[in-house]
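**Q** You'll find data_26.pdb just under this line, and it carries PDB, C-alpha atoms, pLDDT in the B column.
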```pdb
ATOM      1  CA  MET A   1       0.000   0.000   0.000  1.00 61.00           C
ATOM      2  CA  LEU A   2       2.766   2.411   0.927  1.00 67.00           C
ATOM      3  CA  THR A   3       4.572   1.612  -2.326  1.00 62.00           C
ATOM      4  CA  ALA A   4       1.440   2.442  -4.324  1.00 64.00           C
ATOM      5  CA  ILE A   5       1.213   5.814  -2.585  1.00 66.00           C
ATOM      6  CA  VAL A   6       4.873   6.609  -3.243  1.00 64.00           C
ATOM      7  CA  VAL A   7       4.544   5.593  -6.917  1.00 61.00           C
ATOM      8  CA  GLY A   8       1.430   7.758  -7.232  1.00 64.00           C
ATOM      9  CA  VAL A   9       3.269  10.744  -5.790  1.00 63.00           C
ATOM     10  CA  ALA A  10       6.306  10.089  -8.017  1.00 58.00           C
ATOM     11  CA  LEU A  11       4.181   9.870 -11.171  1.00 58.00           C
ATOM     12  CA  GLY A  12       2.529  13.218 -10.555  1.00 59.00           C
ATOM     13  CA  PRO A  13       5.079  16.043 -10.835  1.00 58.00           C
ATOM     14  CA  GLN A  14       6.374  16.721 -14.317  1.00 57.00           C
ATOM     15  CA  ALA A  15       9.528  18.174 -12.748  1.00 57.00           C
ATOM     16  CA  LEU A  16      10.418  14.585 -11.828  1.00 55.00           C
ATOM     17  CA  GLY A  17       9.619  13.322 -15.311  1.00 57.00           C
ATOM     18  CA  GLY A  18       6.102  12.139 -14.463  1.00 56.00           C
ATOM     19  CA  GLY A  19       5.358   8.597 -15.567  1.00 56.00           C
ATOM     20  CA  SER A  20       8.218   8.593 -18.076  1.00 58.00           C
ATOM     21  CA  GLY A  21      11.021   9.050 -15.558  1.00 62.00           C
ATOM     22  CA  ILE A  22      13.903  11.474 -15.733  1.00 62.00           C
ATOM     23  CA  SER A  23      17.321  11.295 -17.360  1.00 61.00           C
ATOM     24  CA  LEU A  24      20.481  12.426 -15.662  1.00 60.00           C
ATOM     25  CA  PRO A  25      22.071  15.579 -17.052  1.00 60.00           C
ATOM     26  CA  ALA A  26      24.638  14.835 -19.754  1.00 59.00           C
ATOM     27  CA  SER A  27      27.372  16.627 -17.792  1.00 59.00           C
ATOM     28  CA  ILE A  28      27.079  14.108 -14.952  1.00 57.00           C
ATOM     29  CA  VAL A  29      27.038  11.110 -17.263  1.00 55.00           C
ATOM     30  CA  THR A  30      29.940  12.212 -19.483  1.00 61.00           C
ATOM     31  CA  GLY A  31      31.856  13.579 -16.492  1.00 62.00           C
ATOM     32  CA  LEU A  32      32.524  10.043 -15.261  1.00 61.00           C
ATOM     33  CA  ALA A  33      33.987   8.701 -18.492  1.00 65.00           C
ATOM     34  CA  SER A  34      33.857   9.463 -22.198  1.00 70.00           C
ATOM     35  CA  GLY A  35      32.076   6.358 -23.499  1.00 72.00           C
ATOM     36  CA  ARG A  36      29.440   3.993 -22.200  1.00 71.00           C
ATOM     37  CA  GLU A  37      31.887   1.075 -21.895  1.00 78.00           C
ATOM     38  CA  ALA A  38      34.392   3.188 -19.985  1.00 78.00           C
ATOM     39  CA  ARG A  39      31.634   4.453 -17.664  1.00 73.00           C
ATOM     40  CA  GLU A  40      30.362   0.919 -17.027  1.00 76.00           C
ATOM     41  CA  PHE A  41      33.934  -0.253 -16.335  1.00 80.00           C
ATOM     42  CA  LEU A  42      34.485   2.613 -13.891  1.00 79.00           C
ATOM     43  CA  LEU A  43      31.138   2.082 -12.168  1.00 78.00           C
ATOM     44  CA  TYR A  44      31.769  -1.662 -11.888  1.00 82.00           C
ATOM     45  CA  TRP A  45      35.012  -1.183  -9.989  1.00 85.00           C
ATOM     46  CA  LEU A  46      33.578   1.679  -7.957  1.00 84.00           C
ATOM     47  CA  SER A  47      30.573  -0.486  -7.023  1.00 84.00           C
ATOM     48  CA  LEU A  48      32.762  -3.461  -6.163  1.00 87.00           C
ATOM     49  CA  GLY A  49      34.989  -1.304  -3.968  1.00 90.00           C
ATOM     50  CA  LEU A  50      31.974   0.220  -2.228  1.00 89.00           C
ATOM     51  CA  VAL A  51      30.420  -3.212  -1.636  1.00 86.00           C
ATOM     52  CA  VAL A  52      33.629  -4.455  -0.028  1.00 90.00           C
ATOM     53  CA  ALA A  53      33.929  -1.270   2.057  1.00 92.00           C
ATOM     54  CA  VAL A  54      30.280  -1.376   3.178  1.00 90.00           C
ATOM     55  CA  ILE A  55      30.459  -5.073   4.099  1.00 88.00           C
ATOM     56  CA  GLY A  56      33.671  -4.389   6.034  1.00 92.00           C
ATOM     57  CA  LEU A  57      32.073  -1.463   7.870  1.00 91.00           C
ATOM     58  CA  ILE A  58      28.969  -3.469   8.706  1.00 90.00           C
ATOM     59  CA  PHE A  59      31.104  -6.373   9.893  1.00 90.00           C
ATOM     60  CA  ALA A  60      33.046  -4.023  12.174  1.00 93.00           C
ATOM     61  CA  LEU A  61      29.830  -2.321  13.308  1.00 91.00           C
ATOM     62  CA  LEU A  62      28.200  -5.638  14.236  1.00 89.00           C
ATOM     63  CA  ARG A  63      31.263  -6.662  16.273  1.00 92.00           C
ATOM     64  CA  SER A  64      31.282  -3.381  18.197  1.00 94.00           C
ATOM     65  CA  GLY A  65      29.310  -2.532  21.310  1.00 92.00           C
ATOM     66  CA  TYR A  66      26.636  -0.979  19.114  1.00 92.00           C
ATOM     67  CA  GLY A  67      26.235  -4.235  17.173  1.00 92.00           C
ATOM     68  CA  LEU A  68      26.037  -6.238  20.375  1.00 93.00           C
ATOM     69  CA  ALA A  69      23.339  -3.863  21.640  1.00 94.00           C
ATOM     70  CA  LEU A  70      21.388  -4.308  18.386  1.00 92.00           C
ATOM     71  CA  THR A  71      21.642  -8.078  18.720  1.00 91.00           C
ATOM     72  CA  ALA A  72      20.383  -7.833  22.297  1.00 94.00           C
ATOM     73  CA  ILE A  73      17.501  -5.601  21.169  1.00 95.00           C
ATOM     74  CA  ARG A  74      16.586  -8.133  18.500  1.00 91.00           C
ATOM     75  CA  ASP A  75      16.626 -10.966  21.025  1.00 93.00           C
ATOM     76  CA  ASN A  76      14.804  -9.267  23.921  1.00 94.00           C
ATOM     77  CA  GLU A  77      14.045  -5.558  23.677  1.00 94.00           C
ATOM     78  CA  ASN A  78      12.337  -5.359  27.068  1.00 95.00           C
ATOM     79  CA  ARG A  79      15.409  -6.713  28.835  1.00 96.00           C
ATOM     80  CA  VAL A  80      17.647  -4.162  27.102  1.00 95.00           C
ATOM     81  CA  LYS A  81      15.251  -1.364  28.113  1.00 95.00           C
ATOM     82  CA  ALA A  82      15.358  -2.650  31.675  1.00 95.00           C
ATOM     83  CA  LEU A  83      19.154  -2.360  31.601  1.00 94.00           C
ATOM     84  CA  GLY A  84      18.756   1.342  30.815  1.00 94.00           C
ATOM     85  CA  TYR A  85      19.584   1.445  27.107  1.00 93.00           C
ATOM     86  CA  ASN A  86      17.725   3.798  24.777  1.00 94.00           C
ATOM     87  CA  THR A  87      16.529   1.203  22.266  1.00 95.00           C
ATOM     88  CA  ALA A  88      14.824   3.785  20.056  1.00 95.00           C
ATOM     89  CA  MET A  89      18.176   5.509  19.469  1.00 95.00           C
ATOM     90  CA  TYR A  90      19.859   2.244  18.490  1.00 95.00           C
ATOM     91  CA  LYS A  91      17.057   1.297  16.122  1.00 95.00           C
ATOM     92  CA  THR A  92      16.986   4.771  14.590  1.00 95.00           C
ATOM     93  CA  PHE A  93      20.709   4.639  13.926  1.00 93.00           C
ATOM     94  CA  ALA A  94      20.296   1.212  12.286  1.00 93.00           C
ATOM     95  CA  TYR A  95      17.561   2.708  10.082  1.00 94.00           C
ATOM     96  CA  VAL A  96      19.828   5.610   9.101  1.00 94.00           C
ATOM     97  CA  VAL A  97      22.659   3.212   8.194  1.00 92.00           C
ATOM     98  CA  ALA A  98      20.282   1.103   6.073  1.00 90.00           C
ATOM     99  CA  GLY A  99      18.870   4.205   4.376  1.00 92.00           C
ATOM    100  CA  THR A 100      22.365   5.475   3.607  1.00 92.00           C
ATOM    101  CA  MET A 101      23.274   2.185   1.953  1.00 88.00           C
ATOM    102  CA  ALA A 102      20.031   2.213  -0.064  1.00 86.00           C
ATOM    103  CA  GLY A 103      20.720   5.785  -1.180  1.00 88.00           C
ATOM    104  CA  LEU A 104      24.246   4.843  -2.224  1.00 88.00           C
ATOM    105  CA  ALA A 105      22.901   1.908  -4.243  1.00 84.00           C
ATOM    106  CA  GLY A 106      20.293   4.150  -5.871  1.00 83.00           C
ATOM    107  CA  ALA A 107      22.911   6.733  -6.824  1.00 82.00           C
ATOM    108  CA  LEU A 108      25.093   4.052  -8.415  1.00 81.00           C
ATOM    109  CA  ASN A 109      22.091   2.626 -10.262  1.00 79.00           C
ATOM    110  CA  ALA A 110      21.101   6.059 -11.574  1.00 80.00           C
ATOM    111  CA  ASN A 111      24.642   6.692 -12.814  1.00 76.00           C
ATOM    112  CA  LEU A 112      24.843   3.287 -14.470  1.00 74.00           C
ATOM    113  CA  ASN A 113      21.530   3.616 -16.309  1.00 74.00           C
ATOM    114  CA  SER A 114      21.652   7.405 -16.790  1.00 74.00           C
ATOM    115  CA  PHE A 115      17.931   7.291 -16.057  1.00 75.00           C
ATOM    116  CA  VAL A 116      15.586   7.090 -13.087  1.00 78.00           C
ATOM    117  CA  SER A 117      12.081   5.729 -13.611  1.00 76.00           C
ATOM    118  CA  PRO A 118       9.077   5.277 -11.326  1.00 72.00           C
ATOM    119  CA  ASN A 119       9.304   1.577 -12.190  1.00 74.00           C
ATOM    120  CA  ALA A 120      12.153   1.403  -9.680  1.00 72.00           C
ATOM    121  CA  LEU A 121       9.454   1.807  -7.011  1.00 72.00           C
ATOM    122  CA  ALA A 122       7.263  -1.012  -8.302  1.00 75.00           C
ATOM    123  CA  TRP A 123       6.301  -3.806  -5.923  1.00 78.00           C
ATOM    124  CA  THR A 124       8.134  -6.301  -8.125  1.00 81.00           C
ATOM    125  CA  GLN A 125      11.445  -4.644  -7.244  1.00 78.00           C
ATOM    126  CA  SER A 126      10.712  -5.183  -3.549  1.00 80.00           C
ATOM    127  CA  GLY A 127       9.860  -8.804  -4.299  1.00 83.00           C
ATOM    128  CA  ILE A 128      13.121  -9.312  -6.183  1.00 82.00           C
ATOM    129  CA  LEU A 129      15.139  -7.832  -3.321  1.00 80.00           C
ATOM    130  CA  LEU A 130      13.285  -9.950  -0.782  1.00 83.00           C
ATOM    131  CA  ALA A 131      13.926 -13.072  -2.871  1.00 83.00           C
ATOM    132  CA  MET A 132      17.641 -12.226  -2.967  1.00 82.00           C
ATOM    133  CA  VAL A 133      17.797 -11.966   0.803  1.00 81.00           C
ATOM    134  CA  ILE A 134      15.858 -15.195   1.279  1.00 84.00           C
ATOM    135  CA  LEU A 135      18.067 -17.028  -1.243  1.00 81.00           C
ATOM    136  CA  GLY A 136      21.216 -15.899   0.545  1.00 80.00           C
ATOM    137  CA  GLY A 137      20.000 -16.433   4.074  1.00 79.00           C
ATOM    138  CA  VAL A 138      18.044 -14.082   6.306  1.00 77.00           C
ATOM    139  CA  GLY A 139      19.962 -12.583   9.208  1.00 75.00           C
ATOM    140  CA  ARG A 140      23.400 -13.220   7.769  1.00 77.00           C
ATOM    141  CA  LEU A 141      25.872 -10.569   6.682  1.00 78.00           C
ATOM    142  CA  TYR A 142      26.704 -12.490   3.516  1.00 80.00           C
ATOM    143  CA  GLY A 143      23.053 -13.340   2.729  1.00 80.00           C
ATOM    144  CA  ALA A 144      22.162 -10.470   0.412  1.00 78.00           C
ATOM    145  CA  PRO A 145      25.360 -10.643  -1.717  1.00 81.00           C
ATOM    146  CA  ILE A 146      24.995 -14.410  -2.134  1.00 85.00           C
ATOM    147  CA  GLY A 147      21.316 -14.014  -3.012  1.00 83.00           C
ATOM    148  CA  ALA A 148      22.088 -11.263  -5.523  1.00 81.00           C
ATOM    149  CA  ALA A 149      24.821 -13.353  -7.141  1.00 83.00           C
ATOM    150  CA  THR A 150      22.513 -16.377  -7.269  1.00 85.00           C
ATOM    151  CA  ARG A 151      19.745 -14.371  -8.917  1.00 82.00           C
ATOM    152  CA  SER A 152      22.100 -12.751 -11.424  1.00 79.00           C
ATOM    153  CA  CYS A 153      23.762 -16.034 -12.362  1.00 82.00           C
ATOM    154  CA  SER A 154      20.475 -17.910 -12.700  1.00 79.00           C
ATOM    155  CA  ARG A 155      18.965 -15.115 -14.804  1.00 76.00           C
ATOM    156  CA  CYS A 156      22.030 -15.064 -17.060  1.00 74.00           C
ATOM    157  CA  TRP A 157      22.017 -18.861 -17.340  1.00 74.00           C
ATOM    158  CA  CYS A 158      18.320 -18.964 -18.217  1.00 71.00           C
ATOM    159  CA  SER A 159      18.671 -16.151 -20.739  1.00 68.00           C
ATOM    160  CA  ARG A 160      21.551 -17.837 -22.545  1.00 67.00           C
ATOM    161  CA  ARG A 161      19.881 -21.217 -22.426  1.00 63.00           C
ATOM    162  CA  ASN A 162      16.649 -19.913 -23.950  1.00 61.00           C
ATOM    163  CA  SER A 163      18.098 -17.113 -26.104  1.00 55.00           C
ATOM    164  CA  LEU A 164      15.570 -14.762 -24.571  1.00 51.00           C
ATOM    165  CA  PRO A 165      16.023 -11.459 -22.762  1.00 52.00           C
ATOM    166  CA  GLY A 166      14.213 -12.825 -19.679  1.00 52.00           C
ATOM    167  CA  CYS A 167      14.223 -16.101 -17.829  1.00 51.00           C
ATOM    168  CA  ARG A 168      11.580 -18.314 -19.447  1.00 48.00           C
ATOM    169  CA  PRO A 169      11.818 -22.092 -19.553  1.00 46.00           C
ATOM    170  CA  SER A 170      11.732 -23.558 -23.055  1.00 45.00           C
ATOM    171  CA  TRP A 171       8.509 -25.440 -22.347  1.00 43.00           C
ATOM    172  CA  VAL A 172       6.522 -22.262 -21.555  1.00 42.00           C
ATOM    173  CA  PRO A 173       4.434 -21.476 -24.641  1.00 43.00           C
ATOM    174  CA  THR A 174       4.665 -18.100 -26.293  1.00 44.00           C
ATOM    175  CA  SER A 175       1.269 -18.655 -27.849  1.00 41.00           C
ATOM    176  CA  SER A 176      -1.029 -21.298 -26.409  1.00 40.00           C
ATOM    177  CA  ALA A 177      -2.483 -22.081 -29.833  1.00 41.00           C
ATOM    178  CA  THR A 178       0.829 -22.809 -31.552  1.00 40.00           C
ATOM    179  CA  THR A 179       3.074 -24.308 -28.890  1.00 42.00           C
ATOM    180  CA  SER A 180       2.871 -27.367 -26.672  1.00 40.00           C
ATOM    181  CA  PRO A 181       5.046 -28.355 -23.720  1.00 43.00           C
ATOM    182  CA  HIS A 182       6.630 -31.152 -25.774  1.00 43.00           C
ATOM    183  CA  ARG A 183       7.529 -29.018 -28.762  1.00 43.00           C
ATOM    184  CA  THR A 184      11.221 -28.243 -29.115  1.00 45.00           C
ATOM    185  CA  ARG A 185      12.487 -24.773 -29.773  1.00 45.00           C
ATOM    186  CA  SER A 186      13.928 -24.114 -33.228  1.00 45.00           C
ATOM    187  CA  THR A 187      16.909 -21.817 -33.642  1.00 43.00           C
TER     188      THR A 187
END
```
Translate the structure described by the file into structure tokens.
**A**
Amino acid sequence: MLTAIVVGVALGPQALGGGSGISLPASIVTGLASGREAREFLLYWLSLGLVVAVIGLIFALLRSGYGLALTAIRDNENRVKALGYNTAMYKTFAYVVAGTMAGLAGALNANLNSFVSPNALAWTQSGILLAMVILGGVGRLYGAPIGAATRSCSRCWCSRRNSLPGCRPSWVPTSSATTSPHRTRST
């Protein structure tokens, strides 16, 4: 429901591109690198470096006193409150850290695609992200990266196997009148 409201608000103002989305200014896009391949190469290594840095920072954060307090809050918030900790402050800081990482990912995505669309707020995107976390393991530091790699590799494998832009098994009919599950695909 909240996603539908946000998408509705994002589709409204023409200053944000309305339903069509908005492109990044050319100066930002060409300022990174001269060509698309060079920009993608630069953004790949920048993204990889940021992923390693963020995972390292989160690992250190979870091993600190703050991380131990968050673990205690997760396990038994009432007990932590009884010990005199301000649990709302700890949870707010965790929210800020998560929001900062999401903003960083969004900025990298916008630079890679040179375009921001309201489709990025669709419920399917949330479902894909949730599936990545579940695939990798909920509650684990390495869960989301493993889930993302699993999804990317399986999508690539399915696309190459079926010679299609999306992941569609070869037995799924493109037209129910002309294709059966036992029909082989011609190339």
**Q** Given the file shown, enumerate the residues that the PyMOL selection byres ((chain A and resi 84-91) around 10) captures and present them as JSON, numbers by chain.
**A** {"A": [66, 67, 69, 70, 72, 73, 74, 77, 78, 79, 80, 81, 82, 83, 92, 93, 94, 95, 96, 97]}
**Q** Between CA of Tyr142 in chain A and CA of Leu43 in chain A, what is the distance in Å, rounded to a tenth?
**A**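 Pair CA of Tyr142 in chain A / CA of Leu43 in chain A returns 21.9 Å.
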**Q** Looking at A:Ala110, A:Val133, A:Leu104, A:Ala144, which one is nearest to Glu40 in chain A, with distances taken over all atoms listed in the file?
**A** A:Ala110
**Q** Could you tell me which residues the PyMOL selection byres ((chain A and resi 134-137) around 12) grabs in this file, written as an MDAnalysis selection string?
**A** chainID A and resid 127:133 138:152 154
**Q** Return as AutoDock Vina command-line options the box centre and box size in Å, one decimal, for an axis-aligned box around all listed atoms of range 56-62 of chain A padded by 6 Å per side.
**A**
```
--center_x 30.9 --center_y -3.9 --center_z 10.1 --size_x 17.5 --size_y 16.9 --size_z 20.2
```
**Q** What would the selection look like, as an MDAnalysis selection string, if the PyMOL selection byres ((chain A and resi 112) around 9) were run on the coordinates I just shared?
**A** chainID A and resid 29 39:40 43:44 107:111 113:115
**Q** Just give me the gap between CA of Leu42 in chain A and CA of Ala105 in chain A in Å, one decimal is fine.
**A**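 Rounded to one decimal, the two atoms are 15.1 Å apart.
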**Q** So the first atom is CA of Val52 in chain A and the second is CA of Leu68 in chain A; what is the distance between them in Å, to one decimal place?
**A**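 Calculated distance between CA of Val52 in chain A and CA of Leu68 in chain A is 21.8 Å.
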